[in-house]
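Raw input.cif, mmCIF, C-alpha atoms and all ligand atoms:
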data_model
loop_
_atom_site.label_atom_id
_atom_site.label_comp_id
_atom_site.auth_asym_id
_atom_site.auth_seq_id
_atom_site.Cartn_x
_atom_site.Cartn_y
_atom_site.Cartn_z
CA MET F 1 -6.06 -8.84 4.70
CA SER F 2 -9.14 -10.93 4.41
CA ASP F 3 -11.49 -11.02 7.36
CA ILE F 4 -13.79 -13.37 5.54
CA GLU F 5 -14.17 -16.79 7.02
CA ASP F 6 -13.14 -19.59 4.72
CA PRO F 7 -16.46 -21.15 3.85
CA ALA F 8 -14.95 -24.51 2.83
CA PRO F 9 -15.91 -27.24 2.10
CA THR F 10 -18.74 -25.75 0.04
CA GLY F 11 -16.53 -23.07 -1.49
CA TRP F 12 -16.61 -19.30 -1.79
CA THR F 13 -19.45 -17.42 -3.49
CA ILE F 14 -18.52 -15.05 -6.30
CA SER F 15 -19.28 -12.06 -4.03
CA ALA F 16 -16.94 -13.39 -1.34
CA VAL F 17 -14.22 -13.90 -3.93
CA GLU F 18 -14.72 -10.39 -5.28
CA ARG F 19 -14.49 -8.91 -1.75
CA ASP F 20 -11.38 -10.85 -0.89
CA THR F 21 -9.40 -10.55 -4.09
CA ARG F 22 -10.76 -7.26 -5.42
CA ILE F 23 -11.28 -8.95 -8.77
CA GLY F 24 -14.71 -7.94 -10.09
CA LYS F 25 -17.43 -10.53 -10.65
CA ASP F 26 -17.62 -9.70 -14.36
CA THR F 27 -13.88 -10.16 -14.70
CA LEU F 28 -14.05 -13.53 -12.96
CA ARG F 29 -16.75 -14.68 -15.38
CA VAL F 30 -14.83 -13.37 -18.40
CA TRP F 31 -11.61 -15.13 -17.32
CA GLU F 32 -13.54 -18.36 -16.87
CA ARG F 33 -14.69 -18.20 -20.49
CA ARG F 34 -11.52 -16.75 -21.98
CA TYR F 35 -8.74 -18.50 -20.05
CA GLY F 36 -10.48 -21.53 -18.55
CA PHE F 37 -9.62 -20.28 -15.04
CA PRO F 38 -11.08 -20.05 -12.45
CA GLN F 39 -13.26 -23.15 -12.75
CA PRO F 40 -15.84 -22.83 -9.96
CA HIS F 41 -18.18 -25.63 -8.95
CA ARG F 42 -21.90 -24.99 -8.91
CA ASP F 43 -24.26 -25.16 -5.92
CA PRO F 44 -27.68 -26.84 -6.22
CA HIS F 45 -29.09 -23.53 -7.55
CA GLY F 46 -26.44 -23.27 -10.23
CA GLU F 47 -24.52 -20.46 -8.44
CA ARG F 48 -20.73 -20.43 -8.68
CA LEU F 49 -18.72 -21.79 -5.74
CA TYR F 50 -14.95 -21.34 -5.79
CA PRO F 51 -12.76 -23.90 -3.98
CA PRO F 52 -10.28 -22.27 -1.50
CA GLU F 53 -7.25 -23.29 -3.59
CA GLN F 54 -8.66 -21.40 -6.59
CA VAL F 55 -9.21 -18.32 -4.40
CA GLU F 56 -5.62 -18.52 -3.27
CA ARG F 57 -4.45 -18.73 -6.87
CA LEU F 58 -6.61 -15.70 -7.70
CA ARG F 59 -4.90 -13.71 -4.91
CA HIS F 60 -1.53 -14.41 -6.47
CA ILE F 61 -2.82 -13.49 -9.91
CA LYS F 62 -4.10 -10.16 -8.58
CA ARG F 63 -0.75 -9.35 -7.01
CA LEU F 64 1.03 -9.91 -10.31
CA LEU F 65 -1.56 -7.85 -12.19
CA ASP F 66 -1.01 -5.00 -9.72
CA ALA F 67 2.68 -5.33 -10.40
CA GLY F 68 1.97 -4.63 -14.07
CA LEU F 69 1.67 -8.04 -15.74
CA ARG F 70 -1.12 -8.60 -18.23
CA PRO F 71 -4.09 -10.95 -17.61
CA GLY F 72 -3.33 -12.88 -20.81
CA ARG F 73 0.02 -13.73 -19.30
CA VAL F 74 -0.90 -14.66 -15.73
CA VAL F 75 -4.48 -15.88 -15.44
CA ALA F 76 -3.81 -19.30 -16.88
CA MET F 77 -0.43 -19.62 -15.15
CA PRO F 78 -0.12 -22.66 -12.89
CA MET F 79 0.32 -22.01 -9.17
CA GLU F 80 4.01 -23.00 -9.10
CA GLU F 81 4.79 -20.46 -11.79
CA LEU F 82 2.78 -17.74 -9.99
CA LEU F 83 4.77 -18.43 -6.84
CA ARG F 84 8.02 -18.33 -8.77
CA GLN F 85 7.09 -14.95 -10.26
CA ALA F 86 6.23 -13.58 -6.83
CA ASP F 87 9.44 -14.90 -5.33
CA PRO F 88 11.93 -12.10 -4.69
CA GLY F 89 14.59 -14.21 -6.37
CA GLY F 90 12.44 -15.03 -9.38
CA GLN F 91 11.46 -11.71 -10.85
CA ALA F 92 11.92 -12.74 -14.44
CA GLY F 93 8.33 -12.02 -15.40
CA VAL F 94 7.89 -8.65 -13.71
CA ASP F 95 9.01 -6.07 -16.22
CA SER F 96 11.29 -3.35 -15.03
CA ALA F 97 8.75 -0.56 -15.47
CA ALA F 98 6.44 -2.48 -13.16
CA ALA F 99 9.14 -3.03 -10.61
CA PRO F 100 8.47 0.07 -8.48
CA ALA F 101 5.02 -1.23 -7.73
CA ALA F 102 6.01 -4.83 -7.27
CA ARG F 103 6.10 -5.89 -3.64
CA GLU F 104 9.45 -7.50 -4.34
CA SER F 105 11.10 -4.19 -5.09
CA ALA F 106 10.58 -2.77 -1.62
CA PRO F 107 13.87 -1.71 -0.09
CA ARG F 108 15.13 -4.79 1.62
CA ALA F 109 16.40 -5.19 5.12
CA ALA F 110 18.92 -7.87 5.77
CA SER F 111 16.51 -10.70 5.19
CA ALA F 112 17.76 -12.31 8.40
CA ASP F 113 16.27 -9.35 10.34
CA ILE F 114 12.90 -9.82 8.71
CA ASP F 115 13.08 -13.59 9.31
CA THR F 116 13.72 -12.90 13.00
CA LEU F 117 10.75 -10.52 13.22
CA MET F 118 8.52 -13.02 11.39
CA ALA F 119 9.57 -15.80 13.75
CA LEU F 120 8.71 -13.61 16.76
CA LEU F 121 5.34 -12.81 15.20
CA ARG F 122 4.58 -16.46 14.43
CA SER F 123 5.43 -17.48 17.98
CA HIS F 124 3.27 -14.62 19.31
CA ASP F 125 6.21 -13.24 21.27
CA LEU F 126 4.89 -9.71 21.34
CA ARG F 127 7.37 -8.43 23.91
CA GLY F 128 10.21 -9.80 21.80
CA LEU F 129 8.75 -8.27 18.65
CA ARG F 130 8.31 -4.89 20.34
CA ARG F 131 11.87 -5.03 21.67
CA SER F 132 13.36 -5.97 18.29
CA LEU F 133 11.44 -3.25 16.48
CA GLY F 134 12.44 -0.68 19.10
CA GLN F 135 16.06 -1.70 18.84
CA ALA F 136 16.01 -1.54 15.05
CA LEU F 137 14.55 1.94 15.29
CA LEU F 138 17.33 3.07 17.62
CA GLN F 139 20.02 1.53 15.45
CA ARG F 140 18.83 2.83 12.10
CA GLY F 141 16.95 6.02 12.88
CA LEU F 142 13.36 6.65 11.79
CA ALA F 143 13.77 6.97 8.00
CA ARG F 144 15.83 3.81 7.57
CA PHE F 145 13.62 1.97 10.04
CA VAL F 146 10.63 2.74 7.81
CA THR F 147 12.18 1.77 4.50
CA GLU F 148 14.45 -1.04 5.62
CA MET F 149 12.36 -2.71 8.34
CA ALA F 150 8.71 -1.69 8.53
CA LEU F 151 8.03 -1.83 4.80
CA PRO F 152 9.76 -5.16 4.06
CA LEU F 153 8.13 -6.63 7.16
CA LEU F 154 4.66 -5.66 5.91
CA VAL F 155 5.46 -6.99 2.45
CA GLU F 156 6.48 -10.30 4.00
CA VAL F 157 3.38 -10.35 6.21
CA GLY F 158 1.17 -9.80 3.13
CA ALA F 159 2.99 -12.48 1.16
CA SER F 160 2.88 -15.00 4.03
CA TRP F 161 -0.81 -14.36 4.48
CA SER F 162 -1.57 -14.90 0.83
CA ARG F 163 0.46 -18.15 0.90
CA GLY F 164 -1.70 -19.25 3.83
CA GLN F 165 1.28 -19.20 6.20
CA LEU F 166 0.02 -16.48 8.51
CA GLU F 167 -3.32 -16.05 10.23
CA ILE F 168 -5.31 -12.86 9.90
CA PHE F 169 -5.06 -12.14 13.62
CA GLU F 170 -1.27 -12.42 13.38
CA GLU F 171 -1.25 -9.83 10.63
CA HIS F 172 -3.44 -7.59 12.80
CA LEU F 173 -0.98 -8.00 15.68
CA CYS F 174 1.89 -6.96 13.47
CA SER F 175 0.02 -3.93 12.11
CA GLU F 176 -0.93 -2.77 15.60
CA MET F 177 2.61 -3.21 16.85
CA LEU F 178 4.11 -1.24 13.96
CA GLU F 179 1.53 1.47 14.42
CA THR F 180 2.45 1.77 18.12
CA VAL F 181 6.18 1.93 17.37
CA LEU F 182 5.76 4.51 14.61
CA ARG F 183 3.38 6.68 16.62
CA SER F 184 5.66 6.71 19.61
CA ALA F 185 8.66 7.60 17.42
CA LEU F 186 6.69 10.41 15.79
CA GLY F 187 5.49 11.59 19.21
CA SER F 188 9.04 12.06 20.41
CA ALA F 189 10.27 13.76 17.22
CA PRO F 190 11.04 17.48 17.49
CA PRO F 191 7.90 19.47 16.64
CA ALA F 192 7.78 21.36 13.35
CA ASP F 193 7.64 25.14 13.57
CA THR F 194 6.02 27.78 11.39
CA THR F 195 9.07 27.90 9.12
CA SER F 196 8.96 24.13 8.39
CA ARG F 197 7.95 23.66 4.78
CA PRO F 198 6.25 22.33 2.84
CA ARG F 199 3.15 22.08 4.98
CA VAL F 200 1.90 18.59 4.24
CA LEU F 201 -1.60 17.29 4.87
CA LEU F 202 -1.82 13.50 4.92
CA SER F 203 -4.82 11.20 4.58
CA THR F 204 -6.38 8.32 2.75
CA LEU F 205 -9.62 8.74 0.83
CA PRO F 206 -12.89 7.10 1.89
CA GLY F 207 -12.86 3.31 1.51
CA GLU F 208 -9.13 2.97 2.15
CA GLN F 209 -8.56 1.21 5.46
CA HIS F 210 -4.82 0.79 5.08
CA GLY F 211 -3.30 3.55 7.20
CA LEU F 212 0.22 2.31 7.83
CA GLY F 213 1.52 3.67 4.53
CA LEU F 214 0.28 7.05 5.65
CA LEU F 215 2.04 6.80 8.98
CA MET F 216 5.26 5.73 7.29
CA ALA F 217 4.96 8.64 4.85
CA GLU F 218 4.43 11.01 7.78
CA ALA F 219 7.61 9.67 9.36
CA LEU F 220 9.61 10.31 6.18
CA PHE F 221 8.16 13.78 5.67
CA SER F 222 8.95 14.62 9.31
CA VAL F 223 12.54 13.45 8.96
CA GLU F 224 12.82 15.83 5.99
CA GLY F 225 11.72 18.69 8.25
CA CYS F 226 8.26 19.17 6.73
CA HIS F 227 5.28 20.40 8.70
CA CYS F 228 2.91 17.39 8.84
CA MET F 229 -0.72 17.14 9.68
CA ASN F 230 -1.99 13.58 9.48
CA LEU F 231 -5.79 13.34 9.33
CA GLY F 232 -5.67 9.54 9.44
CA ARG F 233 -7.76 7.30 7.26
CA GLN F 234 -10.79 7.96 5.10
CA THR F 235 -11.26 11.73 5.01
CA PRO F 236 -14.07 12.81 2.68
CA LEU F 237 -12.91 15.03 -0.18
CA ARG F 238 -14.77 18.07 1.07
CA ASP F 239 -13.20 17.86 4.52
CA LEU F 240 -9.78 17.26 3.07
CA LEU F 241 -10.01 20.48 1.10
CA LEU F 242 -11.41 22.34 4.08
CA ALA F 243 -8.52 21.13 6.24
CA ALA F 244 -6.02 22.08 3.52
CA ARG F 245 -7.44 25.59 3.43
CA THR F 246 -7.50 26.14 7.20
CA GLN F 247 -4.05 24.58 7.63
CA ARG F 248 -2.58 26.52 4.69
CA SER F 249 -1.30 23.21 3.35
CA GLU F 250 1.00 23.25 0.35
CA VAL F 251 0.91 19.53 -0.38
CA ILE F 252 -1.81 16.95 0.10
CA ALA F 253 -0.19 13.52 0.40
CA LEU F 254 -2.47 10.53 -0.10
CA SER F 255 -1.77 6.85 0.34
CA PHE F 256 -3.45 4.09 -1.69
CA SER F 257 -2.96 0.37 -1.08
CA ALA F 258 -3.17 -2.45 -3.59
CA ALA F 259 -6.66 -3.24 -2.32
CA ASN F 260 -8.01 -0.38 -4.48
CA ASN F 261 -9.24 -0.41 -8.02
CA PRO F 262 -6.69 1.68 -9.98
CA ASN F 263 -9.40 3.20 -12.20
CA GLN F 264 -11.29 4.41 -9.15
CA VAL F 265 -8.05 5.79 -7.72
CA LEU F 266 -7.52 7.74 -10.92
CA ASP F 267 -11.09 9.08 -10.88
CA SER F 268 -10.81 10.22 -7.25
CA LEU F 269 -7.49 11.91 -7.91
CA LEU F 270 -8.83 13.75 -10.95
CA GLU F 271 -11.86 14.86 -8.95
CA LEU F 272 -9.66 16.10 -6.11
CA ARG F 273 -7.42 17.91 -8.61
CA ARG F 274 -10.48 19.55 -10.15
CA GLN F 275 -11.72 20.83 -6.79
CA ALA F 276 -8.39 21.80 -5.23
CA PRO F 277 -6.78 25.22 -5.72
CA ALA F 278 -4.10 25.13 -8.42
CA ALA F 279 -1.30 26.06 -6.00
CA LEU F 280 -2.05 23.07 -3.77
CA GLU F 281 0.09 20.14 -4.87
CA ILE F 282 -1.34 16.63 -4.74
CA TRP F 283 1.06 13.74 -4.21
CA ALA F 284 -0.29 10.21 -4.23
CA GLY F 285 1.49 7.02 -3.23
CA VAL F 286 0.12 4.28 -5.48
CA PRO F 287 1.25 0.68 -5.86
CA PHE F 288 -0.04 0.26 -9.44
CA ALA F 289 2.60 0.08 -12.16
CA PRO F 290 0.14 0.72 -15.04
CA LEU F 291 -1.19 3.85 -13.31
CA LEU F 292 2.34 5.05 -12.56
CA ARG F 293 3.21 4.63 -16.23
CA ARG F 294 0.05 6.35 -17.40
CA GLY F 295 0.31 9.27 -14.95
CA CYS F 296 -2.44 11.59 -13.73
CA GLU F 297 -2.49 15.17 -14.89
CA GLY F 298 -1.80 17.68 -12.14
CA VAL F 299 -1.00 14.96 -9.60
CA ARG F 300 2.42 13.68 -8.64
CA LEU F 301 2.26 9.87 -8.50
CA LEU F 302 4.89 8.17 -6.37
CA GLY F 303 5.46 4.43 -6.43
CA GLN F 304 7.74 4.22 -3.40
CA LEU F 305 7.91 5.80 0.01
CA ASP F 306 11.60 6.44 -0.40
CA GLU F 307 10.83 8.91 -3.21
CA ILE F 308 9.67 11.37 -0.55
CA PRO F 309 13.06 13.04 0.19
CA ALA F 310 13.68 13.80 -3.50
CA ALA F 311 10.11 15.07 -3.97
CA VAL F 312 10.51 17.41 -0.99
CA ARG F 313 13.87 18.61 -2.27
CA GLN F 314 12.36 19.37 -5.70
CA TRP F 315 9.43 21.20 -4.12
CA ARG F 316 11.84 23.38 -2.14
CA GLU F 317 14.06 24.06 -5.16
CA ALA F 318 11.05 24.99 -7.29
CA GLY F 319 9.88 27.35 -4.53
CA ALA F 320 13.30 28.95 -4.23
CA GLU F 321 13.43 29.45 -7.99
CA ALA F 322 9.95 30.99 -8.06
CA ARG F 323 10.97 33.36 -5.25
CA SER F 324 14.16 34.36 -7.09
CA HIS F 325 12.13 35.14 -10.26
CA ALA F 326 9.80 37.25 -8.15
CA GLN F 327 12.77 39.37 -6.89
CA PRO F 328 13.04 42.76 -8.58
CA ASP F 329 16.39 43.19 -10.42
C1 LIG F 401 -1.68 -4.43 7.09
C2 LIG F 401 -2.63 -4.80 5.98
C3 LIG F 401 -4.00 -4.70 6.23
C4 LIG F 401 -4.59 -4.11 7.51
C5 LIG F 401 -4.33 -2.59 7.52
C6 LIG F 401 -4.04 -2.09 8.93
C7 LIG F 401 -3.60 -0.66 8.93
N1 LIG F 401 -3.69 -0.07 10.10
O1 LIG F 401 -3.17 -0.08 7.94
C8 LIG F 401 -6.11 -4.46 7.39
C9 LIG F 401 -6.43 -5.68 8.21
C10 LIG F 401 -7.08 -3.35 7.78
C11 LIG F 401 -6.23 -4.82 5.93
C12 LIG F 401 -7.45 -4.89 5.28
C13 LIG F 401 -7.60 -5.33 3.97
N2 LIG F 401 -6.62 -5.78 3.16
CO1 LIG F 401 -4.74 -5.61 3.55
N3 LIG F 401 -2.87 -5.63 3.76
C14 LIG F 401 -2.12 -5.26 4.73
C15 LIG F 401 -0.62 -5.44 4.34
C16 LIG F 401 -0.05 -6.64 5.04
C17 LIG F 401 0.26 -4.22 4.60
C18 LIG F 401 -0.30 -2.91 4.05
C19 LIG F 401 0.69 -1.80 4.24
O2 LIG F 401 0.54 -0.98 5.15
N4 LIG F 401 1.72 -1.75 3.42
C20 LIG F 401 2.74 -0.72 3.51
C21 LIG F 401 2.53 0.29 2.41
C22 LIG F 401 3.43 1.47 2.56
O3 LIG F 401 2.87 -0.38 1.21
P1 LIG F 401 1.97 -0.21 -0.09
O4 LIG F 401 0.55 0.00 0.32
O5 LIG F 401 2.29 -1.31 -0.99
O6 LIG F 401 2.52 1.18 -0.67
C23 LIG F 401 3.57 1.29 -1.62
C24 LIG F 401 3.31 2.47 -2.54
O7 LIG F 401 1.96 2.62 -2.82
C25 LIG F 401 3.93 3.64 -1.82
N5 LIG F 401 3.08 4.43 -0.94
C26 LIG F 401 2.03 4.08 -0.18
N6 LIG F 401 1.54 5.14 0.45
C27 LIG F 401 2.29 6.20 0.13
C28 LIG F 401 2.20 7.54 0.48
C29 LIG F 401 3.13 8.44 -0.05
C30 LIG F 401 3.02 9.88 0.33
C31 LIG F 401 4.13 7.98 -0.93
C32 LIG F 401 5.14 8.92 -1.47
C33 LIG F 401 4.23 6.63 -1.29
C34 LIG F 401 3.30 5.76 -0.75
O8 LIG F 401 4.95 3.13 -1.02
C35 LIG F 401 4.84 1.72 -0.88
C36 LIG F 401 6.10 1.12 -1.49
O9 LIG F 401 7.23 1.76 -0.99
C37 LIG F 401 -0.73 -5.61 2.79
C38 LIG F 401 0.42 -6.38 2.17
C39 LIG F 401 1.36 -5.46 1.38
N7 LIG F 401 2.26 -6.06 0.71
O10 LIG F 401 1.23 -4.26 1.34
C40 LIG F 401 -2.14 -6.20 2.64
C41 LIG F 401 -2.92 -5.97 1.36
C42 LIG F 401 -2.73 -4.55 0.85
N8 LIG F 401 -4.30 -6.14 1.78
C43 LIG F 401 -5.04 -6.76 0.92
C44 LIG F 401 -6.43 -6.98 1.03
C45 LIG F 401 -7.07 -7.86 -0.05
C46 LIG F 401 -7.17 -6.41 2.07
C47 LIG F 401 -8.70 -6.46 2.23
C48 LIG F 401 -9.46 -6.15 0.95
C49 LIG F 401 -9.07 -7.80 2.80
C50 LIG F 401 -10.56 -8.02 2.93
N9 LIG F 401 -11.05 -8.88 2.08
O11 LIG F 401 -11.18 -7.44 3.75
C51 LIG F 401 -8.91 -5.37 3.29
C52 LIG F 401 -9.13 -4.01 2.57
C53 LIG F 401 -9.87 -3.03 3.37
C54 LIG F 401 -10.02 -1.74 2.56
N10 LIG F 401 -11.23 -1.43 2.19
O12 LIG F 401 -9.08 -1.04 2.26
C55 LIG F 401 -4.21 -7.19 -0.28
C56 LIG F 401 -4.52 -6.36 -1.52
C57 LIG F 401 -4.33 -7.23 -2.74
C58 LIG F 401 -5.15 -6.77 -3.86
N11 LIG F 401 -4.48 -6.60 -4.96
O13 LIG F 401 -6.34 -6.62 -3.76
C59 LIG F 401 -2.74 -7.07 0.24
C60 LIG F 401 -1.69 -6.68 -0.80
C61 LIG F 401 -2.39 -8.43 0.89
C62 LIG F 401 -2.14 -9.52 -0.14
N12 LIG F 401 -3.10 -10.25 -0.57
O14 LIG F 401 -1.04 -9.73 -0.54
N13 LIG F 401 -5.01 -5.04 5.36
#

Please express the file's structure as structure tokens.
Amino acid sequence: MSDIEDPAPTGWTISAVERDTRIGKDTLRVWERRYGFPQPHRDPHGERLYPPEQVERLRHIKRLLDAGLRPGRVVAMPMEELLRQADPGGQAGVDSAAAPAARESAPRAASADIDTLMALLRSHDLRGLRRSLGQALLQRGLARFVTEMALPLLVEVGASWSRGQLEIFEEHLCSEMLETVLRSALGSAPPADTTSRPRVLLSTLPGEQHGLGLLMAEALFSVEGCHCMNLGRQTPLRDLLLAARTQRSEVIALSFSAANNPNQVLDSLLELRRQAPAALEIWAGVPFAPLLRRGCEGVRLLGQLDEIPAAVRQWREAGAEARSHAQPD
């Protein structure tokens, strides 16, 4: 979420807009010429200044682009239409191949549960929020808690923030709270033993500050009985490979948020693939529909956390098959 102070009434500089929306300066200038949006004002030195409402519209545009829509389709779209497209009930424009990456496609809890959690967050009732999350965890168990509560809650938090309905500090509160709940659940889970496989090493790459996806992935891998080692956020490539070697990891699982540039994600994954031993599998959770469609050679791209159980099952089946081929007749 943005930590940048809204510099209204003068407007946002192009660098501030780039930082907040992750839309490059060159792209912003090209859109201005090609689509007539955004239409920044100019300061006395002729530098671009973007009014806050245009920045908000750009945030929505970026979300739809990440969900797989094309710039030609969304950049000139009026705000009401952008909101309609982002509305869980109004998915008409998001094509089905893009759906796995669209925020709207996250497994949904009863929306009443999420509404209750959001109301507790908005009223800063942290004890109530902690209690409700704890209770949901007990009721559903860890895996369903992750996919049916934590994920939809974060999606709603992100959407509310980008609609200007939630403050940044409120989003931070929610993230911290979820992190506490997930860590304590993982802490009381039965420890893996030497026979637990695959051995999974989890991290994000440098520059990625979103670590909750990683924690949620760890929870799902643990429920599947995998051996997990979570290095946390931003491990340099060299150290990741060193850790994989010393830990005898069989899978490196990475998490990427929508705040990344998909081309850079692809480059980093290819570089990691190039440096990693062939037997070490690389699984990457990415929220970019175009990248998921395109694929990345030698890397398993996963668009949803709930694909983890099937991926683990396939890994185990492939291992069993390889072992049976290795058996002498
Ligand atoms: C919490 C949060 C933060 C917190 C993170 C706290 C923490 N401890 O993690 C903080 C405050 C640090 C933060 C910072 C920023 N954030 Co933020 N953040 C969020 C929020 C609300 C939730 C992120 C999250 O954890 N989602 C849960 C994960 C699991 O979902 P996901 O990332 O979409 O992952 C999907 C797949 O990729 C896959 N997956 C992910 N990981 C893995 C791993 C495996 C193994 C597998 C199989 C699958 C998988 O599963 C998910 C779907 O099921 C999102 C909103 C949202 N809808 O996600 C914004 C969001 C990601 N943030 C956003 C932005 C812009 C930022 C900042 C750039 C703001 C700024 N200007 O500083 C910075 C980026 C810092 C950086 N360099 O990375 C934008 C990105 C939009 C964009 N297209 O650019 C979002 C989408 C908010 C929005 N505008 O709607 N953020």

For the contact check between chain F and ligand LIG 401 (chain F), emit one row per residue of chain F within 7 Å, containing the shortest atom pair and the distance in Å rounded to one decimal, counting all atoms listed in the file, chain then rising number order, as a Markdown table.
| residue | atom | partner | partner_atom | distance |
| --- | --- | --- | --- | --- |
| F:Met1 | CA | F:LIG401 | N2 | 3.5 |
| F:Ser2 | CA | F:LIG401 | C49 | 3.5 |
| F:Asp3 | CA | F:LIG401 | O11 | 5.1 |
| F:Ile4 | CA | F:LIG401 | N9 | 6.3 |
| F:Arg19 | CA | F:LIG401 | N9 | 5.1 |
| F:Asp20 | CA | F:LIG401 | N9 | 3.6 |
| F:Thr21 | CA | F:LIG401 | O13 | 5.0 |
| F:Arg22 | CA | F:LIG401 | O13 | 4.8 |
| F:Arg59 | CA | F:LIG401 | N12 | 5.8 |
| F:Lys62 | CA | F:LIG401 | N11 | 5.1 |
| F:Arg63 | CA | F:LIG401 | N11 | 5.1 |
| F:Asp66 | CA | F:LIG401 | N11 | 6.1 |
| F:Ala101 | CA | F:LIG401 | C24 | 6.6 |
| F:Arg103 | CA | F:LIG401 | N7 | 5.8 |
| F:Ala106 | CA | F:LIG401 | O9 | 5.7 |
| F:Leu151 | CA | F:LIG401 | C20 | 5.6 |
| F:Leu154 | CA | F:LIG401 | C17 | 4.8 |
| F:Val155 | CA | F:LIG401 | N7 | 3.8 |
| F:Glu156 | CA | F:LIG401 | N7 | 6.8 |
| F:Val157 | CA | F:LIG401 | C16 | 5.2 |
| F:Gly158 | CA | F:LIG401 | C38 | 3.6 |
| F:Ala159 | CA | F:LIG401 | O14 | 5.2 |
| F:Trp161 | CA | F:LIG401 | C62 | 6.8 |
| F:Ser162 | CA | F:LIG401 | N12 | 5.1 |
| F:Glu171 | CA | F:LIG401 | C1 | 6.5 |
| F:His172 | CA | F:LIG401 | C9 | 5.8 |
| F:Ser175 | CA | F:LIG401 | C1 | 5.3 |
| F:Glu176 | CA | F:LIG401 | N1 | 6.7 |
| F:Glu179 | CA | F:LIG401 | N1 | 6.9 |
| F:Gly207 | CA | F:LIG401 | N10 | 5.1 |
| F:Glu208 | CA | F:LIG401 | O12 | 4.0 |
| F:Gln209 | CA | F:LIG401 | O12 | 3.9 |
| F:His210 | CA | F:LIG401 | O1 | 3.4 |
| F:Gly211 | CA | F:LIG401 | O1 | 3.7 |
| F:Leu212 | CA | F:LIG401 | O1 | 4.1 |
| F:Gly213 | CA | F:LIG401 | C22 | 3.5 |
| F:Leu214 | CA | F:LIG401 | C28 | 5.5 |
| F:Met216 | CA | F:LIG401 | C22 | 6.6 |
| F:Ala217 | CA | F:LIG401 | C30 | 5.1 |
| F:Ala253 | CA | F:LIG401 | C30 | 4.9 |
| F:Leu254 | CA | F:LIG401 | C30 | 5.5 |
| F:Ser255 | CA | F:LIG401 | N6 | 3.7 |
| F:Phe256 | CA | F:LIG401 | N6 | 5.5 |
| F:Ser257 | CA | F:LIG401 | O4 | 3.8 |
| F:Ala258 | CA | F:LIG401 | N11 | 4.6 |
| F:Ala259 | CA | F:LIG401 | O13 | 3.7 |
| F:Asn260 | CA | F:LIG401 | O13 | 6.5 |
| F:Trp283 | CA | F:LIG401 | C30 | 6.3 |
| F:Ala284 | CA | F:LIG401 | C30 | 5.6 |
| F:Gly285 | CA | F:LIG401 | C34 | 3.3 |
| F:Val286 | CA | F:LIG401 | O7 | 3.6 |
| F:Pro287 | CA | F:LIG401 | O7 | 3.7 |
| F:Leu302 | CA | F:LIG401 | C32 | 5.0 |
| F:Gly303 | CA | F:LIG401 | C24 | 4.9 |
| F:Gln304 | CA | F:LIG401 | O9 | 3.5 |
| F:Leu305 | CA | F:LIG401 | C33 | 4.0 |
| F:Asp306 | CA | F:LIG401 | O9 | 6.4 |
| F:Glu307 | CA | F:LIG401 | C32 | 6.0 |
| F:Ile308 | CA | F:LIG401 | C32 | 5.2 |

As lines of an AutoDock Vina configuration file, please report the centre and edge lengths, rounded to one decimal in Å, of the axis-aligned box that holds all listed atoms of region 138-149 of chain F with 4 Å of padding on each of the six sides.
center_x = 15.3
center_y = 2.1
center_z = 11.1
size_x = 17.4
size_y = 17.7
size_z = 21.1

Expected answer as a short mmCIF file (atom, residue, chain, number, x, y, z; two decimals) with C-alpha atoms, in the frame of the given file: all residues with atoms within 12 Å of (13.2, -7.5, 20.0), all atoms listed in the file:
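Saved to selection_2.cif:
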data_model
loop_
_atom_site.label_atom_id
_atom_site.label_comp_id
_atom_site.auth_asym_id
_atom_site.auth_seq_id
_atom_site.Cartn_x
_atom_site.Cartn_y
_atom_site.Cartn_z
CA ASP F 113 16.27 -9.35 10.34
CA ILE F 114 12.90 -9.82 8.71
CA THR F 116 13.72 -12.90 13.00
CA LEU F 117 10.75 -10.52 13.22
CA MET F 118 8.52 -13.02 11.39
CA ALA F 119 9.57 -15.80 13.75
CA LEU F 120 8.71 -13.61 16.76
CA LEU F 121 5.34 -12.81 15.20
CA ASP F 125 6.21 -13.24 21.27
CA LEU F 126 4.89 -9.71 21.34
CA ARG F 127 7.37 -8.43 23.91
CA GLY F 128 10.21 -9.80 21.80
CA LEU F 129 8.75 -8.27 18.65
CA ARG F 130 8.31 -4.89 20.34
CA ARG F 131 11.87 -5.03 21.67
CA SER F 132 13.36 -5.97 18.29
CA LEU F 133 11.44 -3.25 16.48
CA GLY F 134 12.44 -0.68 19.10
CA GLN F 135 16.06 -1.70 18.84
CA ALA F 136 16.01 -1.54 15.05
CA LEU F 137 14.55 1.94 15.29
CA LEU F 138 17.33 3.07 17.62
CA MET F 177 2.61 -3.21 16.85
#

Who sits within 8 Å of Gly298 (chain F), all atoms listed in the file, same chain under 5 positions skipped, as a count of residues only:
3

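Of the listed residues F:Gly164, F:Pro191, F:Gly36, F:Pro206, the one whose atoms come nearest to Arg233 (chain F) is F:Pro206, with distances taken using all atoms listed in the file.
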
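Between CA of Arg70 (chain F) and CA of Ala289 (chain F) the interatomic distance comes to 11.2 Å.
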
May I ask for the distance between CA of Leu153 (chain F) and CA of Gly68 (chain F), given in Å to one decimal place?
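Going from CA of Leu153 (chain F) over to CA of Gly68 (chain F), I get 22.2 Å.
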
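For the atom pair formed by CA of Gly295 (chain F) and CA of Ser268 (chain F), the distance is 13.6 Å, given to one decimal.
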
Given all atoms listed in the file as the basis, pick out the residue of F:Cys228, F:Leu242, F:Val265, F:Glu53 nearest to Thr204 (chain F).
F:Val265
